[in-house]
Amino acid sequence: MRVALPLSEGKFSTHYGRAEELSLHDVDLATGNTLDLGLRLFPAEGTCNAAAWVAAQGVDILLVGGLGFGAAQGLGKAGVKVFAGFEETDARKVLESYLAGVAPARELAPGESDCQGHGDDHEHEHRHGADHVCHCKH
């Protein structure tokens, strides 16, 4: 199984939309061993339309703090399972808590968003350069 974690400035990015790269890990469920596959930079357009790219990296499970509707919908369609609710910024601790079954996270239904760090009734924008704007609606 391949697990991915979004990173920003070398730390676990609690908001998927702000991530710069993915940390990839192959996990052997029978032994619990993990193999660090290194980092992959997100495509220039950022995370919003990167679901096919994430899936092409062989990712089965993406661990996030939160993510917006567009990203969640794309990842769901691409067959990537998303677990949201992580608040830790140490990527190793996030992965270890997930693998130990003690993570403070839950699996999202395909296309379900879980945009963290905002009020319950909100809409905001994330800018990813080149005048690209993503809307997060909760």
# chains A, B, ... in the order shown; residues from 1 in each chain; ligands from 1
call {"tool": "residues_around", "arguments": {"residues": "A:Ile61", "least_positions_apart": "5", "cutoff": "8 Å", "atoms": "only C-alpha atoms", "output": "list in words"}}
result
Met1, Arg2, Val3, Ala4, Val80, Lys81, Val82 and Phe83 of chain A
call {"tool": "residues_around", "arguments": {"residues": "A:Leu108", "least_positions_apart": "2", "cutoff": "12 Å", "atoms": "only C-alpha atoms", "output": "PDB file with N, CA and C atoms, in the first residue's frame"}}
result
ATOM      1  N   ILE A  61      -3.535   5.916  -0.295  1.00  0.00           N
ATOM      2  CA  ILE A  61      -4.076   6.655   0.834  1.00  0.00           C
ATOM      3  C   ILE A  61      -3.329   7.973   0.979  1.00  0.00           C
ATOM      4  N   LEU A  62      -4.088   9.053   1.134  1.00  0.00           N
ATOM      5  CA  LEU A  62      -3.529  10.383   1.372  1.00  0.00           C
ATOM      6  C   LEU A  62      -3.943  10.819   2.767  1.00  0.00           C
ATOM      7  N   LEU A  63      -2.966  11.182   3.590  1.00  0.00           N
ATOM      8  CA  LEU A  63      -3.230  11.664   4.939  1.00  0.00           C
ATOM      9  C   LEU A  63      -3.172  13.187   4.917  1.00  0.00           C
ATOM     10  N   VAL A  64      -4.213  13.849   5.410  1.00  0.00           N
ATOM     11  CA  VAL A  64      -4.282  15.320   5.376  1.00  0.00           C
ATOM     12  C   VAL A  64      -4.843  15.846   6.694  1.00  0.00           C
ATOM     13  N   GLY A  65      -4.615  17.144   6.910  1.00  0.00           N
ATOM     14  CA  GLY A  65      -5.315  17.823   7.991  1.00  0.00           C
ATOM     15  C   GLY A  65      -6.720  18.126   7.516  1.00  0.00           C
ATOM     16  N   GLY A  66      -6.793  18.824   6.400  1.00  0.00           N
ATOM     17  CA  GLY A  66      -8.053  19.151   5.766  1.00  0.00           C
ATOM     18  C   GLY A  66      -7.817  19.456   4.303  1.00  0.00           C
ATOM     19  N   LEU A  67      -8.883  19.455   3.528  1.00  0.00           N
ATOM     20  CA  LEU A  67      -8.791  19.789   2.118  1.00  0.00           C
ATOM     21  C   LEU A  67     -10.140  20.282   1.637  1.00  0.00           C
ATOM     22  N   GLY A  68     -10.112  21.073   0.586  1.00  0.00           N
ATOM     23  CA  GLY A  68     -11.318  21.663   0.046  1.00  0.00           C
ATOM     24  C   GLY A  68     -12.095  20.721  -0.858  1.00  0.00           C
ATOM     25  N   PHE A  69     -13.256  21.180  -1.258  1.00  0.00           N
ATOM     26  CA  PHE A  69     -14.185  20.368  -2.043  1.00  0.00           C
ATOM     27  C   PHE A  69     -13.605  19.911  -3.379  1.00  0.00           C
ATOM     28  N   ALA A  72     -10.945  17.242  -2.889  1.00  0.00           N
ATOM     29  CA  ALA A  72     -11.569  16.022  -2.377  1.00  0.00           C
ATOM     30  C   ALA A  72     -12.334  15.287  -3.466  1.00  0.00           C
ATOM     31  N   GLN A  73     -13.063  16.038  -4.271  1.00  0.00           N
ATOM     32  CA  GLN A  73     -13.837  15.427  -5.345  1.00  0.00           C
ATOM     33  C   GLN A  73     -12.912  14.758  -6.369  1.00  0.00           C
ATOM     34  N   LEU A  75      -9.783  13.688  -5.943  1.00  0.00           N
ATOM     35  CA  LEU A  75      -9.102  12.533  -5.352  1.00  0.00           C
ATOM     36  C   LEU A  75     -10.051  11.338  -5.249  1.00  0.00           C
ATOM     37  N   GLY A  76     -11.297  11.612  -4.877  1.00  0.00           N
ATOM     38  CA  GLY A  76     -12.288  10.533  -4.808  1.00  0.00           C
ATOM     39  C   GLY A  76     -12.499   9.881  -6.158  1.00  0.00           C
ATOM     40  N   VAL A  80      -8.290   7.635  -4.816  1.00  0.00           N
ATOM     41  CA  VAL A  80      -7.384   7.825  -3.685  1.00  0.00           C
ATOM     42  C   VAL A  80      -8.218   7.993  -2.420  1.00  0.00           C
ATOM     43  N   LYS A  81      -7.975   7.144  -1.411  1.00  0.00           N
ATOM     44  CA  LYS A  81      -8.670   7.274  -0.133  1.00  0.00           C
ATOM     45  C   LYS A  81      -8.018   8.403   0.654  1.00  0.00           C
ATOM     46  N   VAL A  82      -8.838   9.219   1.298  1.00  0.00           N
ATOM     47  CA  VAL A  82      -8.338  10.361   2.049  1.00  0.00           C
ATOM     48  C   VAL A  82      -8.728  10.216   3.520  1.00  0.00           C
ATOM     49  N   PHE A  83      -7.726  10.359   4.389  1.00  0.00           N
ATOM     50  CA  PHE A  83      -7.954  10.383   5.827  1.00  0.00           C
ATOM     51  C   PHE A  83      -7.622  11.788   6.305  1.00  0.00           C
ATOM     52  N   ALA A  84      -8.584  12.465   6.932  1.00  0.00           N
ATOM     53  CA  ALA A  84      -8.429  13.863   7.329  1.00  0.00           C
ATOM     54  C   ALA A  84      -8.571  14.024   8.838  1.00  0.00           C
ATOM     55  N   GLY A  85      -8.004  15.124   9.327  1.00  0.00           N
ATOM     56  CA  GLY A  85      -8.128  15.466  10.734  1.00  0.00           C
ATOM     57  C   GLY A  85      -6.804  15.526  11.467  1.00  0.00           C
ATOM     58  N   ALA A 105      -7.948  10.946  13.154  1.00  0.00           N
ATOM     59  CA  ALA A 105      -8.435  11.245  11.805  1.00  0.00           C
ATOM     60  C   ALA A 105      -9.512  10.245  11.427  1.00  0.00           C
ATOM     61  N   ARG A 106     -10.209  10.587  10.348  1.00  0.00           N
ATOM     62  CA  ARG A 106     -11.239   9.670   9.856  1.00  0.00           C
ATOM     63  C   ARG A 106     -11.170   9.629   8.336  1.00  0.00           C
ATOM     64  N   PRO A 110     -15.687   9.406  -0.624  1.00  0.00           N
ATOM     65  CA  PRO A 110     -15.161   9.976  -1.874  1.00  0.00           C
ATOM     66  C   PRO A 110     -15.828  11.313  -2.194  1.00  0.00           C
ATOM     67  N   GLY A 111     -15.020  12.344  -2.337  1.00  0.00           N
ATOM     68  CA  GLY A 111     -15.526  13.669  -2.661  1.00  0.00           C
ATOM     69  C   GLY A 111     -15.895  14.526  -1.468  1.00  0.00           C
ATOM     70  N   GLU A 112     -15.889  13.954  -0.257  1.00  0.00           N
ATOM     71  CA  GLU A 112     -16.219  14.725   0.941  1.00  0.00           C
ATOM     72  C   GLU A 112     -15.032  15.619   1.302  1.00  0.00           C
ATOM     73  N   SER A 113     -15.295  16.897   1.562  1.00  0.00           N
ATOM     74  CA  SER A 113     -14.202  17.785   1.955  1.00  0.00           C
ATOM     75  C   SER A 113     -14.191  17.940   3.468  1.00  0.00           C
ATOM     76  N   ASP A 114     -13.060  18.356   3.956  1.00  0.00           N
ATOM     77  CA  ASP A 114     -12.888  18.593   5.381  1.00  0.00           C
ATOM     78  C   ASP A 114     -11.890  19.727   5.518  1.00  0.00           C
ATOM     79  N   CYS A 115     -12.351  20.921   5.236  1.00  0.00           N
ATOM     80  CA  CYS A 115     -11.473  22.099   5.233  1.00  0.00           C
ATOM     81  C   CYS A 115     -11.290  22.563   6.660  1.00  0.00           C
TER      82      CYS A 115
END
call {"tool": "closest_residue", "arguments": {"among": "A:Leu99, A:Thr47, A:Lys93, A:Tyr16", "to": "A:Asn33", "atoms": "only C-alpha atoms"}}
result
A:Leu99
call {"tool": "residues_around", "arguments": {"residues": "A:Asn49", "least_positions_apart": "6", "cutoff": "8 Å", "atoms": "only C-alpha atoms", "output": "JSON, numbers by chain"}}
result
{"A": [70, 71, 74]}
call {"tool": "residues_around", "arguments": {"residues": "A:Gly79", "least_positions_apart": "6", "cutoff": "10 Å", "atoms": "only C-alpha atoms", "output": "list in words"}}
result
Ala51, Ala52, Val54, Ala55, Val59, Asp60, Ile61 and Pro110 of chain A
call {"tool": "write_last_selection", "arguments": {"atoms": "N, CA and C atoms", "output": "PDB file, in the first residue's frame"}}
result
ATOM      1  N   ALA A  51      -5.244  15.587  -8.681  1.00  0.00           N
ATOM      2  CA  ALA A  51      -5.712  14.247  -8.299  1.00  0.00           C
ATOM      3  C   ALA A  51      -5.181  13.163  -9.222  1.00  0.00           C
ATOM      4  N   ALA A  52      -5.223  13.380 -10.524  1.00  0.00           N
ATOM      5  CA  ALA A  52      -4.714  12.367 -11.459  1.00  0.00           C
ATOM      6  C   ALA A  52      -3.218  12.178 -11.262  1.00  0.00           C
ATOM      7  N   VAL A  54      -1.569  12.647  -8.411  1.00  0.00           N
ATOM      8  CA  VAL A  54      -1.408  11.914  -7.155  1.00  0.00           C
ATOM      9  C   VAL A  54      -1.645  10.425  -7.403  1.00  0.00           C
ATOM     10  N   ALA A  55      -2.722  10.104  -8.102  1.00  0.00           N
ATOM     11  CA  ALA A  55      -3.019   8.706  -8.412  1.00  0.00           C
ATOM     12  C   ALA A  55      -1.912   8.074  -9.255  1.00  0.00           C
ATOM     13  N   VAL A  59      -0.464   6.386  -5.315  1.00  0.00           N
ATOM     14  CA  VAL A  59      -0.974   6.635  -3.965  1.00  0.00           C
ATOM     15  C   VAL A  59      -2.318   5.935  -3.757  1.00  0.00           C
ATOM     16  N   ASP A  60      -2.383   5.134  -2.694  1.00  0.00           N
ATOM     17  CA  ASP A  60      -3.631   4.496  -2.284  1.00  0.00           C
ATOM     18  C   ASP A  60      -4.339   5.330  -1.229  1.00  0.00           C
ATOM     19  N   ILE A  61      -3.535   5.916  -0.295  1.00  0.00           N
ATOM     20  CA  ILE A  61      -4.076   6.655   0.834  1.00  0.00           C
ATOM     21  C   ILE A  61      -3.329   7.973   0.979  1.00  0.00           C
ATOM     22  N   PRO A 110     -15.687   9.406  -0.624  1.00  0.00           N
ATOM     23  CA  PRO A 110     -15.161   9.976  -1.874  1.00  0.00           C
ATOM     24  C   PRO A 110     -15.828  11.313  -2.194  1.00  0.00           C
TER      25      PRO A 110
END
